[in-house]
Amino acid sequence: MNQPIEEPRHVFSPQERILHTQAQILGWWASLGQSPLGRTIGGLLGGRDPKDRLLVVLTCYLDDSGTHDDCPVITMAGYVGFTPQWLLFEEAAKAIYSDYGIEEFHAKEFHSTRCQFKDWRRVKKQTYCKQIYDAGRDCRALDIGITFSVRKDAYELRKLETGLNSRTSAYGFCFTAILNHLLRDAVFKEFLGRNGVDITFVVECGNHNDEDVKRIFYEIRAKHKLEQKLNSIAFQPKDSSRALQLADFFAFYSRRHVEATERSGGEMPEENFFLEQMQDHIYVVGEVATDCQV
């Protein structure tokens, strides 16, 4: 397979990103029930018109299963995009998965060249990464990228020292930080500030702290009186959408970048090709907490 070729891309402004054609929206609504993501979104929206609704897809990567004590860093990452654009991405990604023989994407298997990625050479991995992210950008599904990492030991130490956040796990702390960052971010506030626009969070299910994240979502919504803007939160399996699998891709390599920075004493490592693709021409909000304020 040939080396991926970089082509100049137009950087869409926030104004351009929120101007979607009626044909796209109507086409999305007509095909809503034809995919797992469509059925998920339909249920979350209660059958309401999806026009101007936002969907954020987040996942959290905690090493293998998320329970290994030797993993020092927790990272939660994902993307924000308008709901109709996510369905366009699902269709585009389906074709790419078929071309590469992928049934369900797992970032750790991809990185270690195991299972369905066995015998993949680096150039094939790079080409796949570029194609799947080009699809996300071309569909305008990736309006905002968001990633937050925390050192588990630093967070637990601050909890002991301050007596604060006694009910909040490090996983929940990541979600709190992401939600608060989004609510303060100028670009996101421009999206969410439009009349009739709200947001639904879809988080990969299976973490034993899922209820912690759910509690935080509703507490922040009530605290800021955002019942009309923070619509709902749902926990879905990874195989329910390729959008969640894309978030897993982002979270995995974000965590590796943070851990490499930690190992080098704070010196930023050379940028990884995959992480470059994940952020190229995408507005990204990211932070790492190594000395936590809880």
# chains A, B, ... in the order shown; residues from 1 in each chain; ligands from 1
$ closest_atom_pairs --of "segment 180-199 of chain A" --to "segment 210-225 of chain A" --cutoff "12 Å" --atoms "only C-alpha atoms" --output "tab-separated table"
residue	atom	partner	partner_atom	distance
A:Asn180	CA	A:Ile220	CA	8.5
A:Leu183	CA	A:His224	CA	9.9
A:Arg184	CA	A:His224	CA	12.0
A:Asp198	CA	A:Arg221	CA	11.9
A:Ile199	CA	A:Arg221	CA	11.4
$ write_last_selection --atoms "N, CA and C atoms" --output "mmCIF file, in the first residue's frame"
data_model
loop_
_atom_site.group_PDB
_atom_site.id
_atom_site.type_symbol
_atom_site.label_atom_id
_atom_site.label_comp_id
_atom_site.auth_asym_id
_atom_site.auth_seq_id
_atom_site.Cartn_x
_atom_site.Cartn_y
_atom_site.Cartn_z
ATOM 1 N N ASN A 180 -16.616 20.633 32.329
ATOM 2 C CA ASN A 180 -16.360 22.022 32.714
ATOM 3 C C ASN A 180 -15.565 22.768 31.645
ATOM 4 N N LEU A 183 -17.939 23.686 28.816
ATOM 5 C CA LEU A 183 -18.864 24.757 29.168
ATOM 6 C C LEU A 183 -18.177 26.122 29.214
ATOM 7 N N ARG A 184 -16.849 26.128 29.394
ATOM 8 C CA ARG A 184 -16.104 27.392 29.406
ATOM 9 C C ARG A 184 -15.526 27.753 28.038
ATOM 10 N N ASP A 198 -28.952 21.510 21.905
ATOM 11 C CA ASP A 198 -28.545 20.893 23.160
ATOM 12 C C ASP A 198 -27.544 19.792 22.855
ATOM 13 N N ILE A 199 -27.077 19.124 23.873
ATOM 14 C CA ILE A 199 -26.032 18.114 23.674
ATOM 15 C C ILE A 199 -26.355 16.843 24.434
#
$ atom_distance --atom1 "atom CA of His208 of chain A" --atom2 "atom CA of Ser241 of chain A"
20.9 Å
$ closest_residue --among "A:Ala247, A:Glu161, A:Gln279, A:Arg167" --to "Lys130 of chain A" --atoms "only C-alpha atoms"
A:Gln279
$ select_by_dssp --residues "segment 141-284 of chain A" --states "strand (DSSP E or B)" --output "ChimeraX atom specification"
/A:144-151,199-204,230-236,283-284
$ closest_residue --among "A:Cys139, A:Ala107, A:Leu179, A:Ala154" --to "Ala93 of chain A" --atoms "only C-alpha atoms"
A:Cys139
$ residues_around --residues "Gly136 of chain A" --least-positions-apart "4" --cutoff "6 Å" --atoms "only C-alpha atoms" --output "list in words"
Phe89, Ala141 and Leu142 of chain A
$ residues_around --residues "Cys129 of chain A" --least-positions-apart "5" --cutoff "10 Å" --atoms "only C-alpha atoms" --output "CSV table (one decimal) with C-alpha atoms, in the first residue's frame"
chain,number,residue,atom,x,y,z
A,4,PRO,CA,-0.2,8.3,2.7
A,123,VAL,CA,2.4,2.2,6.3
A,124,LYS,CA,-0.9,0.3,6.3
A,134,ASP,CA,-10.3,12.2,6.6
A,135,ALA,CA,-13.7,10.6,6.6
A,246,LEU,CA,-12.9,6.6,17.0
A,249,PHE,CA,-8.4,5.5,19.1
A,273,PHE,CA,1.8,10.3,13.4
A,274,PHE,CA,-1.5,8.9,14.7
A,275,LEU,CA,-2.0,11.7,17.2
A,277,GLN,CA,-4.0,12.9,12.3
A,278,MET,CA,-6.4,12.8,15.2
$ closest_residue --among "A:Gly266, A:Pro84, A:Pro72, A:Gly196" --to "Arg140 of chain A" --atoms "only C-alpha atoms"
A:Pro84
$ closest_residue --among "A:Phe188, A:Tyr128, A:Phe201, A:Phe250" --to "Gln236 of chain A" --atoms "only C-alpha atoms"
A:Phe201
$ residues_around --residues "Glu276 of chain A" --least-positions-apart "5" --cutoff "12 Å" --atoms "only C-alpha atoms" --output "ChimeraX atom specification"
/A:6,126,129-130,133,250,253-254,257,270-271,281-282,284
$ atom_distance --atom1 "atom CA of Thr75 of chain A" --atom2 "atom CA of Thr147 of chain A"
7.0 Å
$ select_by_dssp --residues "segment 56-292 of chain A" --states "helix (DSSP H, G or I)" --output "PyMOL selection string"
chain A and resi 83-100+107-112+115-117+122-138+152-162+170-184+186-192+210-223+238-240+242-263+273-279
$ write_last_selection --atoms "C-alpha atoms" --output "CSV table (one decimal), in the first residue's frame"
chain,number,residue,atom,x,y,z
A,83,THR,CA,-25.8,14.5,15.2
A,84,PRO,CA,-26.6,14.3,11.4
A,85,GLN,CA,-22.8,14.5,10.6
A,86,TRP,CA,-22.2,11.5,12.9
A,87,LEU,CA,-24.5,9.3,10.9
A,88,LEU,CA,-22.7,10.4,7.7
A,89,PHE,CA,-19.4,9.4,9.3
A,90,GLU,CA,-20.9,6.0,10.3
A,91,GLU,CA,-21.7,5.2,6.7
A,92,ALA,CA,-18.2,6.4,5.5
A,93,ALA,CA,-16.5,4.5,8.2
A,94,LYS,CA,-18.5,1.3,7.4
A,95,ALA,CA,-17.0,1.4,3.8
A,96,ILE,CA,-13.4,1.9,5.2
A,97,TYR,CA,-13.9,-1.0,7.7
A,98,SER,CA,-15.0,-3.2,4.9
A,99,ASP,CA,-12.0,-2.3,2.7
A,100,TYR,CA,-9.6,-3.2,5.6
A,107,ALA,CA,-6.9,0.7,19.6
A,108,LYS,CA,-4.8,-1.6,21.8
A,109,GLU,CA,-5.0,-4.4,19.3
A,110,PHE,CA,-4.2,-1.9,16.5
A,111,HIS,CA,-1.1,-0.6,18.3
A,112,SER,CA,0.3,-4.0,19.2
A,115,CYS,CA,-5.9,-10.1,16.2
A,116,GLN,CA,-7.4,-8.5,13.1
A,117,PHE,CA,-4.4,-6.2,12.7
A,122,ARG,CA,3.3,0.6,9.7
A,123,VAL,CA,2.4,2.2,6.3
A,124,LYS,CA,-0.9,0.3,6.3
A,125,LYS,CA,-1.7,1.5,9.8
A,126,GLN,CA,-0.8,5.1,8.8
A,127,THR,CA,-2.9,4.9,5.7
A,128,TYR,CA,-5.9,3.5,7.6
A,129,CYS,CA,-5.6,6.2,10.3
A,130,LYS,CA,-5.5,9.0,7.6
A,131,GLN,CA,-8.5,7.6,5.8
A,132,ILE,CA,-10.7,7.2,8.8
A,133,TYR,CA,-9.9,10.7,10.1
A,134,ASP,CA,-10.3,12.2,6.6
A,135,ALA,CA,-13.7,10.6,6.6
A,136,GLY,CA,-14.5,12.3,9.9
A,137,ARG,CA,-13.3,15.6,8.7
A,138,ASP,CA,-15.0,15.4,5.3
A,152,LYS,CA,-4.1,8.5,39.5
A,153,ASP,CA,-1.6,8.8,42.3
A,154,ALA,CA,-1.6,12.6,42.3
A,155,TYR,CA,-5.4,12.7,42.3
A,156,GLU,CA,-5.7,10.2,45.2
A,157,LEU,CA,-3.0,12.1,47.2
A,158,ARG,CA,-4.9,15.4,46.8
A,159,LYS,CA,-8.1,13.7,47.9
A,160,LEU,CA,-6.4,12.6,51.1
A,161,GLU,CA,-4.8,15.9,51.7
A,162,THR,CA,-7.9,18.0,51.2
A,170,ALA,CA,-10.3,9.6,39.0
A,171,TYR,CA,-12.5,8.5,36.1
A,172,GLY,CA,-15.2,10.8,37.3
A,173,PHE,CA,-12.7,13.6,37.8
A,174,CYS,CA,-11.7,13.3,34.1
A,175,PHE,CA,-15.4,13.6,33.0
A,176,THR,CA,-15.9,16.6,35.4
A,177,ALA,CA,-12.9,18.3,33.8
A,178,ILE,CA,-14.1,17.6,30.3
A,179,LEU,CA,-17.6,18.9,30.9
A,180,ASN,CA,-16.4,22.0,32.7
A,181,HIS,CA,-13.8,22.7,29.9
A,182,LEU,CA,-16.5,22.4,27.3
A,183,LEU,CA,-18.9,24.8,29.2
A,184,ARG,CA,-16.1,27.4,29.4
A,186,ALA,CA,-15.7,29.9,23.5
A,187,VAL,CA,-16.2,27.7,20.4
A,188,PHE,CA,-18.4,25.2,22.2
A,189,LYS,CA,-20.4,28.0,23.9
A,190,GLU,CA,-21.0,29.4,20.4
A,191,PHE,CA,-22.5,26.1,19.3
A,192,LEU,CA,-24.5,25.4,22.4
A,210,ASP,CA,-20.2,4.7,35.2
A,211,GLU,CA,-22.7,5.7,37.9
A,212,ASP,CA,-20.1,8.2,39.2
A,213,VAL,CA,-20.0,9.8,35.7
A,214,LYS,CA,-23.8,9.8,35.5
A,215,ARG,CA,-24.1,11.5,38.9
A,216,ILE,CA,-21.6,14.2,38.0
A,217,PHE,CA,-23.5,14.9,34.7
A,218,TYR,CA,-26.8,15.6,36.5
A,219,GLU,CA,-25.2,17.5,39.4
A,220,ILE,CA,-23.4,19.9,37.0
A,221,ARG,CA,-26.6,20.2,34.9
A,222,ALA,CA,-28.6,21.2,38.0
A,223,LYS,CA,-25.9,23.4,39.5
A,238,LYS,CA,-18.1,0.0,21.9
A,239,ASP,CA,-19.6,-2.0,19.1
A,240,SER,CA,-22.7,0.2,19.0
A,242,ARG,CA,-17.8,3.5,15.0
A,243,ALA,CA,-17.8,6.9,16.5
A,244,LEU,CA,-17.1,5.4,20.0
A,245,GLN,CA,-14.4,3.4,18.4
A,246,LEU,CA,-12.9,6.6,17.0
A,247,ALA,CA,-13.0,8.1,20.5
A,248,ASP,CA,-11.1,5.0,21.8
A,249,PHE,CA,-8.4,5.5,19.1
A,250,PHE,CA,-8.0,9.1,20.3
A,251,ALA,CA,-8.0,8.2,24.0
A,252,PHE,CA,-5.4,5.5,23.6
A,253,TYR,CA,-2.8,7.6,21.8
A,254,SER,CA,-3.5,10.6,24.0
A,255,ARG,CA,-2.7,8.5,27.1
A,256,ARG,CA,0.4,7.1,25.5
A,257,HIS,CA,1.6,10.7,24.7
A,258,VAL,CA,1.0,11.8,28.4
A,259,GLU,CA,2.8,8.8,29.8
A,260,ALA,CA,5.8,9.4,27.4
A,261,THR,CA,5.9,13.0,28.6
A,262,GLU,CA,5.9,11.8,32.2
A,263,ARG,CA,8.7,9.3,31.6
A,273,PHE,CA,1.8,10.3,13.4
A,274,PHE,CA,-1.5,8.9,14.7
A,275,LEU,CA,-2.0,11.7,17.2
A,276,GLU,CA,-1.2,14.3,14.5
A,277,GLN,CA,-4.0,12.9,12.3
A,278,MET,CA,-6.4,12.8,15.2
A,279,GLN,CA,-5.9,16.6,15.7
